[in-house]
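Structure file upload-v8.txt (compact mmCIF, C-alpha atoms and all ligand atoms) is printed below.
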```txt
# COMPACT_ATOMS: atom_id res chain seq x y z
CA MET A 245 -2.70 0.67 48.16
CA SER A 246 -6.22 -0.46 47.25
CA ARG A 247 -8.48 -1.03 50.24
CA LEU A 248 -8.01 -4.48 51.70
CA ILE A 249 -11.57 -5.78 51.80
CA LEU A 250 -12.64 -9.40 51.40
CA ASP A 251 -15.13 -10.32 48.72
CA SER A 252 -17.97 -11.84 50.76
CA SER A 253 -19.36 -13.61 47.69
CA ASN A 254 -16.11 -15.56 47.56
CA PRO A 255 -15.16 -15.88 51.24
CA PRO A 256 -11.90 -17.48 52.44
CA GLU A 257 -12.09 -20.88 54.09
CA PRO A 258 -11.56 -20.77 57.87
CA GLY A 259 -7.88 -21.14 58.68
CA HIS A 260 -5.04 -20.06 60.91
CA VAL A 261 -1.51 -18.63 60.92
CA LEU A 262 1.11 -19.29 63.61
CA TRP A 263 4.33 -17.43 64.36
CA ARG A 264 7.04 -17.72 66.99
CA SER A 265 8.81 -14.43 67.63
CA PRO A 266 11.61 -13.57 70.07
CA SER A 267 12.27 -10.77 72.49
CA ASN A 268 15.23 -8.44 71.96
CA ILE A 269 17.62 -6.58 74.20
CA ALA A 270 18.41 -2.95 73.40
CA LEU A 271 22.07 -1.89 73.47
CA ILE A 272 21.32 1.72 72.50
CA LYS A 273 18.02 2.43 74.23
CA TYR A 274 14.79 3.78 72.81
CA TRP A 275 13.52 6.12 75.52
CA GLY A 276 11.34 9.00 74.41
CA LYS A 277 8.96 9.10 71.45
CA TYR A 278 6.94 11.48 69.29
CA GLY A 279 3.96 11.28 66.93
CA VAL A 280 2.55 7.81 66.42
CA GLN A 281 5.09 5.59 68.12
CA LEU A 282 8.14 7.20 66.52
CA PRO A 283 11.46 7.22 68.39
CA LYS A 284 13.30 10.37 69.47
CA ASN A 285 16.59 8.61 68.79
CA PRO A 286 17.74 5.51 66.90
CA SER A 287 18.12 2.32 68.94
CA LEU A 288 20.06 -0.88 68.32
CA SER A 289 19.32 -4.34 69.71
CA LEU A 290 20.36 -7.95 69.73
CA THR A 291 17.61 -10.40 68.83
CA LEU A 292 17.18 -13.14 71.42
CA ALA A 293 16.35 -16.81 70.94
CA ALA A 294 14.90 -18.45 74.04
CA SER A 295 12.53 -15.75 75.29
CA CYS A 296 9.77 -15.84 72.71
CA THR A 297 6.04 -15.79 72.15
CA ASP A 298 4.01 -18.22 70.06
CA THR A 299 0.87 -16.70 68.61
CA GLN A 300 -1.77 -18.49 66.59
CA LEU A 301 -4.41 -16.41 64.86
CA ASN A 302 -7.53 -18.32 63.79
CA TYR A 303 -9.95 -16.71 61.38
CA GLU A 304 -13.26 -17.32 59.70
CA LEU A 305 -15.65 -15.04 57.88
CA ARG A 306 -17.91 -13.33 60.36
CA LYS A 307 -21.63 -13.90 60.19
CA GLY A 308 -24.12 -11.11 60.73
CA PRO A 309 -24.01 -7.42 59.88
CA ASP A 310 -20.82 -5.32 59.96
CA ASP A 311 -20.98 -3.32 63.21
CA GLY A 312 -17.59 -1.71 62.65
CA GLN A 313 -16.10 -3.63 65.59
CA ILE A 314 -13.51 -6.38 65.71
CA ASP A 315 -14.79 -9.77 66.86
CA LEU A 316 -11.98 -11.17 69.01
CA ASP A 317 -11.59 -14.09 71.38
CA PHE A 318 -8.30 -14.17 73.21
CA PHE A 319 -6.52 -16.94 75.13
CA PHE A 320 -3.22 -16.61 76.98
CA HIS A 321 -1.80 -20.04 77.81
CA GLU A 322 -5.24 -21.43 76.98
CA GLU A 323 -7.03 -19.18 79.47
CA GLU A 324 -9.13 -16.15 78.71
CA ASN A 325 -7.31 -12.96 79.75
CA GLU A 326 -9.38 -9.78 79.67
CA ALA A 327 -6.47 -7.37 80.26
CA PHE A 328 -4.41 -8.77 77.36
CA ARG A 329 -7.50 -9.04 75.17
CA ALA A 330 -8.27 -5.34 75.70
CA LYS A 331 -4.70 -4.40 74.74
CA VAL A 332 -4.78 -6.50 71.56
CA LEU A 333 -8.25 -5.24 70.67
CA GLU A 334 -7.08 -1.63 70.98
CA PHE A 335 -4.12 -2.41 68.74
CA LEU A 336 -6.21 -4.21 66.08
CA THR A 337 -8.83 -1.45 66.14
CA SER A 338 -6.11 1.14 65.50
CA LEU A 339 -5.15 -0.84 62.37
CA LEU A 340 -8.67 -0.88 60.89
CA PRO A 341 -8.13 2.10 58.55
CA GLU A 342 -5.37 0.17 56.77
CA MET A 343 -6.63 -3.38 57.44
CA PRO A 344 -10.44 -3.05 57.16
CA PHE A 345 -10.75 -6.78 56.45
CA LEU A 346 -10.10 -7.46 60.14
CA LYS A 347 -13.65 -6.50 61.01
CA GLN A 348 -15.01 -8.91 58.41
CA LEU A 349 -13.56 -11.83 60.36
CA LYS A 350 -14.12 -13.66 63.58
CA LEU A 351 -10.63 -13.76 65.09
CA THR A 352 -9.34 -16.03 67.84
CA VAL A 353 -5.86 -15.51 69.26
CA HIS A 354 -4.06 -18.25 71.18
CA THR A 355 -0.80 -16.97 72.58
CA GLY A 356 1.80 -17.98 75.13
CA ASN A 357 5.36 -17.22 76.16
CA SER A 358 8.33 -19.57 76.47
CA PHE A 359 9.18 -17.95 79.81
CA PRO A 360 7.07 -17.89 82.97
CA HIS A 361 4.63 -14.98 82.83
CA SER A 362 5.57 -13.93 86.35
CA ALA A 363 9.30 -13.86 85.52
CA GLY A 364 9.32 -10.11 85.11
CA ILE A 365 10.50 -10.40 81.52
CA ALA A 366 8.74 -7.93 79.28
CA SER A 367 6.71 -9.80 76.71
CA SER A 368 5.55 -6.83 74.65
CA ALA A 369 8.39 -7.12 72.10
CA SER A 370 7.92 -10.83 71.46
CA GLY A 371 4.13 -10.66 71.80
CA MET A 372 3.51 -7.68 69.54
CA SER A 373 5.99 -8.86 66.91
CA ALA A 374 4.39 -12.34 66.80
CA LEU A 375 0.96 -10.77 66.36
CA ALA A 376 2.23 -8.36 63.68
CA LEU A 377 3.74 -11.28 61.74
CA CYS A 378 0.42 -13.15 61.93
CA LEU A 379 -1.38 -10.09 60.54
CA CYS A 380 1.09 -9.86 57.66
CA SER A 381 0.63 -13.55 56.85
CA LEU A 382 -3.11 -13.01 56.87
CA GLU A 383 -2.89 -9.97 54.61
CA ASP A 384 -0.64 -11.80 52.19
CA ARG A 385 -2.83 -14.91 52.18
CA PHE A 386 -5.95 -12.92 51.33
CA PHE A 387 -4.55 -10.22 49.05
CA GLY A 388 -1.08 -11.38 47.93
CA THR A 389 0.37 -8.00 48.88
CA LEU A 390 3.51 -9.14 50.72
CA LYS A 391 5.12 -11.72 48.45
CA ASP A 392 8.50 -10.00 48.59
CA PRO A 393 10.22 -11.15 51.84
CA GLU A 394 11.76 -7.73 52.42
CA ALA A 395 8.41 -6.01 52.02
CA PHE A 396 6.86 -8.57 54.36
CA ASP A 397 9.45 -7.95 57.10
CA GLN A 398 9.22 -4.20 56.73
CA ARG A 399 5.45 -4.22 57.02
CA ALA A 400 5.65 -6.60 60.02
CA SER A 401 8.11 -4.22 61.64
CA VAL A 402 5.82 -1.22 61.07
CA LEU A 403 2.83 -3.04 62.56
CA ALA A 404 4.88 -4.35 65.51
CA ARG A 405 6.07 -0.79 66.20
CA LEU A 406 2.48 0.42 66.38
CA GLY A 407 1.84 -2.24 69.05
CA SER A 408 5.02 -1.54 71.04
CA GLY A 409 8.04 0.42 69.81
CA SER A 410 10.74 -2.05 70.79
CA ALA A 411 8.79 -4.89 69.11
CA CYS A 412 9.69 -3.59 65.65
CA ARG A 413 13.32 -4.73 66.21
CA SER A 414 12.34 -8.36 66.95
CA ILE A 415 11.53 -9.10 63.30
CA PHE A 416 15.16 -9.56 62.24
CA PRO A 417 17.89 -12.12 62.98
CA HIS A 418 20.89 -11.29 65.19
CA ALA A 419 20.61 -7.51 65.40
CA ALA A 420 18.34 -4.67 64.32
CA LEU A 421 18.36 -0.90 64.21
CA TRP A 422 15.26 1.27 64.52
CA GLY A 423 15.28 4.99 63.81
CA ALA A 424 16.52 7.15 60.97
CA THR A 425 20.26 7.78 61.03
CA PRO A 426 22.69 8.83 58.28
CA LEU A 427 24.96 6.07 59.61
CA VAL A 428 22.72 3.35 58.17
CA PRO A 429 21.30 3.85 54.66
CA GLY A 430 17.66 2.80 54.49
CA SER A 431 17.07 3.28 58.22
CA SER A 432 13.75 4.78 59.25
CA ASP A 433 11.72 5.94 62.23
CA GLU A 434 8.84 3.84 60.88
CA PHE A 435 10.47 0.40 60.98
CA ALA A 436 13.61 -1.43 62.00
CA VAL A 437 16.23 -2.72 59.57
CA PRO A 438 18.37 -5.87 59.86
CA MET A 439 21.95 -5.35 61.08
CA GLY A 440 23.18 -8.94 61.09
CA ASP A 441 25.42 -8.30 58.07
CA HIS A 442 27.08 -5.33 59.78
CA ILE A 443 28.27 -6.98 62.97
CA HIS A 444 31.28 -9.15 63.78
CA GLU A 445 30.77 -12.92 64.10
CA THR A 446 31.44 -12.62 67.85
CA PHE A 447 27.98 -11.13 68.29
CA LYS A 448 26.24 -14.02 66.58
CA ASP A 449 27.46 -16.41 69.27
CA PHE A 450 26.61 -14.13 72.14
CA HIS A 451 24.73 -14.76 75.38
CA ASP A 452 22.23 -12.76 77.37
CA ASP A 453 21.47 -14.39 80.72
CA ILE A 454 18.66 -12.48 82.37
CA LEU A 455 18.96 -12.24 86.14
CA ILE A 456 15.44 -11.92 87.50
CA VAL A 457 15.85 -9.60 90.46
CA SER A 458 12.13 -9.04 90.87
CA GLN A 459 9.06 -10.59 89.33
CA GLU A 460 6.78 -7.78 90.45
CA GLU A 461 4.89 -5.65 87.98
CA LYS A 462 6.80 -2.41 87.31
CA SER A 463 5.63 0.61 89.31
CA VAL A 464 5.90 2.83 86.19
CA SER A 465 5.10 1.37 82.76
CA SER A 466 7.36 1.98 79.75
CA ARG A 467 4.57 3.97 78.17
CA ALA A 468 4.47 6.33 81.17
CA GLY A 469 8.28 6.42 81.26
CA HIS A 470 8.48 7.55 77.62
CA ALA A 471 5.91 10.25 78.36
CA LEU A 472 7.98 11.55 81.29
CA MET A 473 10.85 12.27 78.89
CA GLU A 474 8.71 15.19 77.63
CA GLY A 475 9.49 17.32 80.68
CA ASN A 476 12.92 15.89 81.40
CA PRO A 477 15.57 18.67 81.38
CA TYR A 478 18.16 16.19 80.06
CA ALA A 479 16.00 14.94 77.18
CA GLU A 480 17.62 16.85 74.30
CA PRO A 481 21.24 16.18 75.31
CA ARG A 482 20.25 12.56 75.85
CA TYR A 483 18.92 12.17 72.28
CA ALA A 484 22.15 13.69 70.96
CA GLN A 485 24.20 11.38 73.17
CA ALA A 486 22.34 8.31 71.87
CA ARG A 487 23.34 9.28 68.31
CA THR A 488 26.99 9.70 69.23
CA ARG A 489 27.03 6.42 71.11
CA LEU A 490 25.32 4.64 68.23
CA SER A 491 28.12 5.68 65.92
CA SER A 492 30.79 4.34 68.30
CA LEU A 493 28.85 1.17 69.00
CA LEU A 494 28.38 0.39 65.31
CA ASP A 495 32.15 0.69 64.85
CA ALA A 496 32.85 -1.57 67.84
CA MET A 497 30.34 -4.14 66.64
CA ARG A 498 31.74 -4.12 63.14
CA THR A 499 35.25 -4.81 64.39
CA GLY A 500 34.30 -7.02 67.34
CA GLU A 501 35.98 -4.76 69.87
CA LEU A 502 34.43 -6.01 73.09
CA PRO A 503 35.76 -3.53 75.69
CA GLU A 504 34.45 -0.58 73.66
CA PHE A 505 31.16 -2.42 73.06
CA GLY A 506 30.79 -3.13 76.78
CA LYS A 507 31.57 0.39 77.88
CA ILE A 508 28.90 1.89 75.64
CA VAL A 509 26.31 -0.74 76.52
CA GLU A 510 26.78 -0.29 80.26
CA ASP A 511 26.73 3.51 79.94
CA GLU A 512 23.46 3.24 78.04
CA ALA A 513 21.82 1.12 80.74
CA LEU A 514 22.89 3.48 83.51
CA THR A 515 21.81 6.53 81.48
CA LEU A 516 18.35 5.01 81.02
CA HIS A 517 17.95 4.59 84.76
CA ALA A 518 19.46 8.00 85.49
CA LEU A 519 16.83 9.53 83.18
CA MET A 520 14.11 7.88 85.26
CA MET A 521 15.63 9.29 88.44
CA CYS A 522 15.72 12.77 86.83
CA SER A 523 12.10 12.62 85.67
CA ASN A 524 9.41 14.65 87.36
CA PRO A 525 8.08 12.84 89.30
CA SER A 526 11.26 10.88 89.82
CA TYR A 527 11.19 7.11 90.09
CA THR A 528 13.61 4.23 90.53
CA LEU A 529 13.21 0.82 88.94
CA MET A 530 16.60 -0.60 89.98
CA ARG A 531 16.60 -2.51 93.24
CA PRO A 532 19.44 -2.98 95.73
CA ASP A 533 20.03 -6.43 94.22
CA SER A 534 20.38 -4.88 90.73
CA LEU A 535 23.18 -2.68 92.07
CA ALA A 536 24.79 -5.57 93.94
CA ILE A 537 24.90 -7.54 90.67
CA ILE A 538 26.40 -4.59 88.78
CA GLU A 539 29.16 -4.24 91.39
CA LYS A 540 29.92 -7.95 91.27
CA VAL A 541 30.07 -7.97 87.47
CA ARG A 542 32.57 -5.11 87.50
CA GLN A 543 34.68 -6.90 90.10
CA TYR A 544 34.51 -10.20 88.20
CA ARG A 545 35.71 -8.46 85.08
CA ALA A 546 38.58 -6.84 86.95
CA ASP A 547 39.56 -10.15 88.58
CA THR A 548 39.30 -12.43 85.53
CA GLY A 549 39.61 -10.13 82.52
CA HIS A 550 36.52 -11.86 81.12
CA GLN A 551 34.47 -9.69 78.75
CA VAL A 552 31.15 -9.80 80.60
CA TYR A 553 28.91 -6.74 80.56
CA PHE A 554 25.55 -5.77 81.99
CA THR A 555 22.56 -3.96 80.63
CA LEU A 556 19.07 -3.30 81.98
CA ASP A 557 15.73 -2.52 80.40
CA ALA A 558 13.12 -0.41 82.13
CA GLY A 559 13.02 -2.69 85.17
CA PRO A 560 15.20 -4.14 87.92
CA ASN A 561 16.41 -7.24 86.05
CA VAL A 562 20.01 -7.35 84.89
CA HIS A 563 21.03 -8.81 81.53
CA LEU A 564 24.52 -10.31 81.38
CA LEU A 565 26.02 -10.08 77.91
CA TYR A 566 29.06 -12.17 76.99
CA PRO A 567 30.59 -14.18 74.12
CA GLY A 568 29.79 -17.88 73.77
CA GLU A 569 33.31 -19.02 74.63
CA LEU A 570 32.78 -17.84 78.23
CA VAL A 571 29.54 -19.70 78.84
CA VAL A 572 30.88 -22.29 81.28
CA ASP A 573 32.78 -19.78 83.41
CA VAL A 574 30.03 -17.18 83.46
CA ARG A 575 27.29 -19.66 84.31
CA LYS A 576 29.40 -20.82 87.27
CA PHE A 577 29.88 -17.18 88.33
CA ILE A 578 26.12 -16.69 88.14
CA ASP A 579 25.38 -19.83 90.17
CA ASP A 580 28.01 -19.07 92.80
CA HIS A 581 27.59 -15.31 93.20
CA LEU A 582 24.63 -13.77 91.35
CA ALA A 583 21.72 -16.20 91.68
CA GLU A 584 21.44 -15.23 95.36
CA HIS A 585 20.27 -11.78 94.18
CA CYS A 586 17.53 -13.22 91.98
CA GLU A 587 13.97 -13.82 93.10
CA GLY A 588 13.68 -17.55 93.67
CA GLY A 589 17.18 -17.83 92.18
CA PHE A 590 15.62 -17.50 88.73
CA VAL A 591 17.82 -16.83 85.71
CA GLN A 592 16.45 -16.92 82.15
CA GLN A 593 19.26 -18.13 79.90
CA ASP A 594 19.16 -16.60 76.47
CA TRP A 595 21.39 -15.92 73.47
CA VAL A 596 21.41 -14.20 70.11
CA GLY A 597 18.99 -15.87 67.72
CA GLU A 598 17.84 -16.22 64.15
CA GLY A 599 14.66 -14.17 64.44
CA PRO A 600 11.01 -15.16 64.10
CA GLU A 601 9.77 -18.34 62.40
CA GLU A 602 6.44 -19.33 60.97
CA ILE A 603 5.37 -22.69 62.38
C1 LIG A 701 13.74 0.54 78.02
O1 LIG A 701 8.88 -0.59 73.49
O2 LIG A 701 8.13 -1.13 75.84
O3 LIG A 701 13.11 -1.39 76.79
O4 LIG A 701 6.61 1.78 72.62
O5 LIG A 701 5.52 2.38 74.77
O6 LIG A 701 5.51 0.00 74.00
P1 LIG A 701 6.25 1.33 74.01
O7 LIG A 701 7.58 1.11 74.84
P2 LIG A 701 8.59 -0.11 74.86
O8 LIG A 701 9.88 0.64 75.46
C2 LIG A 701 11.04 -0.11 75.66
C3 LIG A 701 12.08 0.72 76.24
C4 LIG A 701 13.33 -0.02 76.67
C5 LIG A 701 14.47 0.27 75.70
C6 LIG A 701 14.40 -0.42 74.37
O9 LIG A 701 13.91 -1.56 74.27
O10 LIG A 701 14.92 0.19 73.42
```

Let's see the structure in the file written out as structure tokens.
Amino acid sequence: MSRLILDSSNPPEPGHVLWRSPSNIALIKYWGKYGVQLPKNPSLSLTLAASCTDTQLNYELRKGPDDGQIDLDFFFHEEENEAFRAKVLEFLTSLLPEMPFLKQLKLTVHTGNSFPHSAGIASSASGMSALALCLCSLEDRFFGTLKDPEAFDQRASVLARLGSGSACRSIFPHAALWGATPLVPGSSDEFAVPMGDHIHETFKDFHDDILIVSQEEKSVSSRAGHALMEGNPYAEPRYAQARTRLSSLLDAMRTGELPEFGKIVEDEALTLHALMMCSNPSYTLMRPDSLAIIEKVRQYRADTGHQVYFTLDAGPNVHLLYPGELVVDVRKFIDDHLAEHCEGGFVQQDWVGEGPEEI
């Protein structure tokens, strides 16, 4: 690709791009990486709808000499936020070799989440994917390099991955797979691919109610957790297990076989947390209330036969996954029996969505 540099004798007018991008919930977990943000095993996720980030990127040609730095102002919910700004600046700076035009601009980011910041819901997937989409829109506007929608999505997924691995899966509607596997032609460690056409309709009307057990910042970040997989004695068998489970899960999702789906998804969540407990040093992100919810979900399933399953990310919050036809019953179950385990009774209702949109 030719170097993406703006012609300062013919500068672009000041302008902006704005994207809304959702979070996603992993069914087969990404846990362990190598190289530059590449996954040790393929992962598969459902794209969510309600938990999303809106990011507006304003730009104008920068005045003054090129000092090799990026000129960035950053606002989170209309307030300056130095910690987030530093993270975004690090990410944008890492992209300079391939996007040198970024340092020719004065950039202002306005971003915000649809969920309360303190809710304990990870915003890196929605946040980094929204930013990556803005960068692709910018690149295409200036250089016309991403006219093909597939090329646009693939590039957005690569950039999102460089910001946060799981973010690369948020680019696509319904479901996405990240990581090279012979099971899915065209799959890659570099970007996620859409899986919406390979799953049963059941999973397009599917809910994920997020039970917020704790709103506290995690004691061990995902980045540190991935790094601890390096010395984990179970790492290699785990990566092999993820591949085997992926194969079974893809079959179950193709046919809409919920009990098989649920078994794999729950096993994955518990394996993720078991890996944390087996790390050196060992750590635990589940809380007593996470376990209480898991027990109650199992009992509810045994009592009612309803196909409701749990999963967890790298934190104490429990995601309840179930088909749309159960929404009334499950919401009542949550209100009557599970909300008492949530901090402030908070539950973030979510469901499978259509992916990001430019607004
Ligand atoms: C447990 O994507 O947050 O949610 O690449 O270091 O930013 P970084 O990690 P991140 O890890 C997420 C791990 C997970 C499982 C998953 O989403 O697949």

Q | Which residue of A:Pro393, A:Gly409, A:Gly312, A:Pro266 approaches ligand LIG 701 (chain A) most closely, using only C-alpha atoms and all ligand atoms | A |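 So, comparing all the options, the nearest one is A:Gly409.
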
Q: Would you list the residues that come within 7 Å of ligand LIG 701 (chain A)? Count all atoms listed in the file and give the answer as a list in words.
A: Ile269, Ala270, Ile272, Lys273, Tyr274, Trp275, Gln281, Ser287, Ser368, Ala369, Arg405, Gly407, Ser408, Gly409, Ser410, Ala411, Ser466, Arg467, His470, Asp557 and Ala558 of chain A

For the residues in the current selection, export C-alpha atoms as a compact mmCIF listing (two decimals), in the coordinates of the input.
```txt
# COMPACT_ATOMS: atom_id res chain seq x y z
CA ILE A 269 17.62 -6.58 74.20
CA ALA A 270 18.41 -2.95 73.40
CA ILE A 272 21.32 1.72 72.50
CA LYS A 273 18.02 2.43 74.23
CA TYR A 274 14.79 3.78 72.81
CA TRP A 275 13.52 6.12 75.52
CA GLN A 281 5.09 5.59 68.12
CA SER A 287 18.12 2.32 68.94
CA SER A 368 5.55 -6.83 74.65
CA ALA A 369 8.39 -7.12 72.10
CA ARG A 405 6.07 -0.79 66.20
CA GLY A 407 1.84 -2.24 69.05
CA SER A 408 5.02 -1.54 71.04
CA GLY A 409 8.04 0.42 69.81
CA SER A 410 10.74 -2.05 70.79
CA ALA A 411 8.79 -4.89 69.11
CA SER A 466 7.36 1.98 79.75
CA ARG A 467 4.57 3.97 78.17
CA HIS A 470 8.48 7.55 77.62
CA ASP A 557 15.73 -2.52 80.40
CA ALA A 558 13.12 -0.41 82.13
```

Q. So which residues touch stretch 352-358 of chain A within 10 Å, counting only C-alpha atoms, skipping near sequence neighbours fewer than 2 positions away, as a ChimeraX atom specification?
A. /A:260-266,294-304,315-324,329,332,349-350,360-361,367,370-371,374-375,378

Q: For A:Leu282, please output as a count of residues only all residues within 9 Å (counting all atoms listed in the file; exclusion window: fewer than 2 positions along the same chain).
A: 13

Q | Within-7 Å shell of (10.9, -1.5, 62.9) in input frame, all atoms listed in the file, as an NGL selection string | A | :A and (398 or 401-402 or 405 or 412-413 or 422 or 434-437)

Please write the residues from the selection above to a file, keeping C-alpha atoms, as an mmCIF file, in the frame of the given file.
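Okay, again-v5.cif is ready:
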```cif
data_model
loop_
_atom_site.group_PDB
_atom_site.id
_atom_site.type_symbol
_atom_site.label_atom_id
_atom_site.label_comp_id
_atom_site.auth_asym_id
_atom_site.auth_seq_id
_atom_site.Cartn_x
_atom_site.Cartn_y
_atom_site.Cartn_z
ATOM 1 C CA GLN A 398 9.220 -4.200 56.730
ATOM 2 C CA SER A 401 8.110 -4.220 61.640
ATOM 3 C CA VAL A 402 5.820 -1.220 61.070
ATOM 4 C CA ARG A 405 6.070 -0.790 66.200
ATOM 5 C CA CYS A 412 9.690 -3.590 65.650
ATOM 6 C CA ARG A 413 13.320 -4.730 66.210
ATOM 7 C CA TRP A 422 15.260 1.270 64.520
ATOM 8 C CA GLU A 434 8.840 3.840 60.880
ATOM 9 C CA PHE A 435 10.470 0.400 60.980
ATOM 10 C CA ALA A 436 13.610 -1.430 62.000
ATOM 11 C CA VAL A 437 16.230 -2.720 59.570
#
```
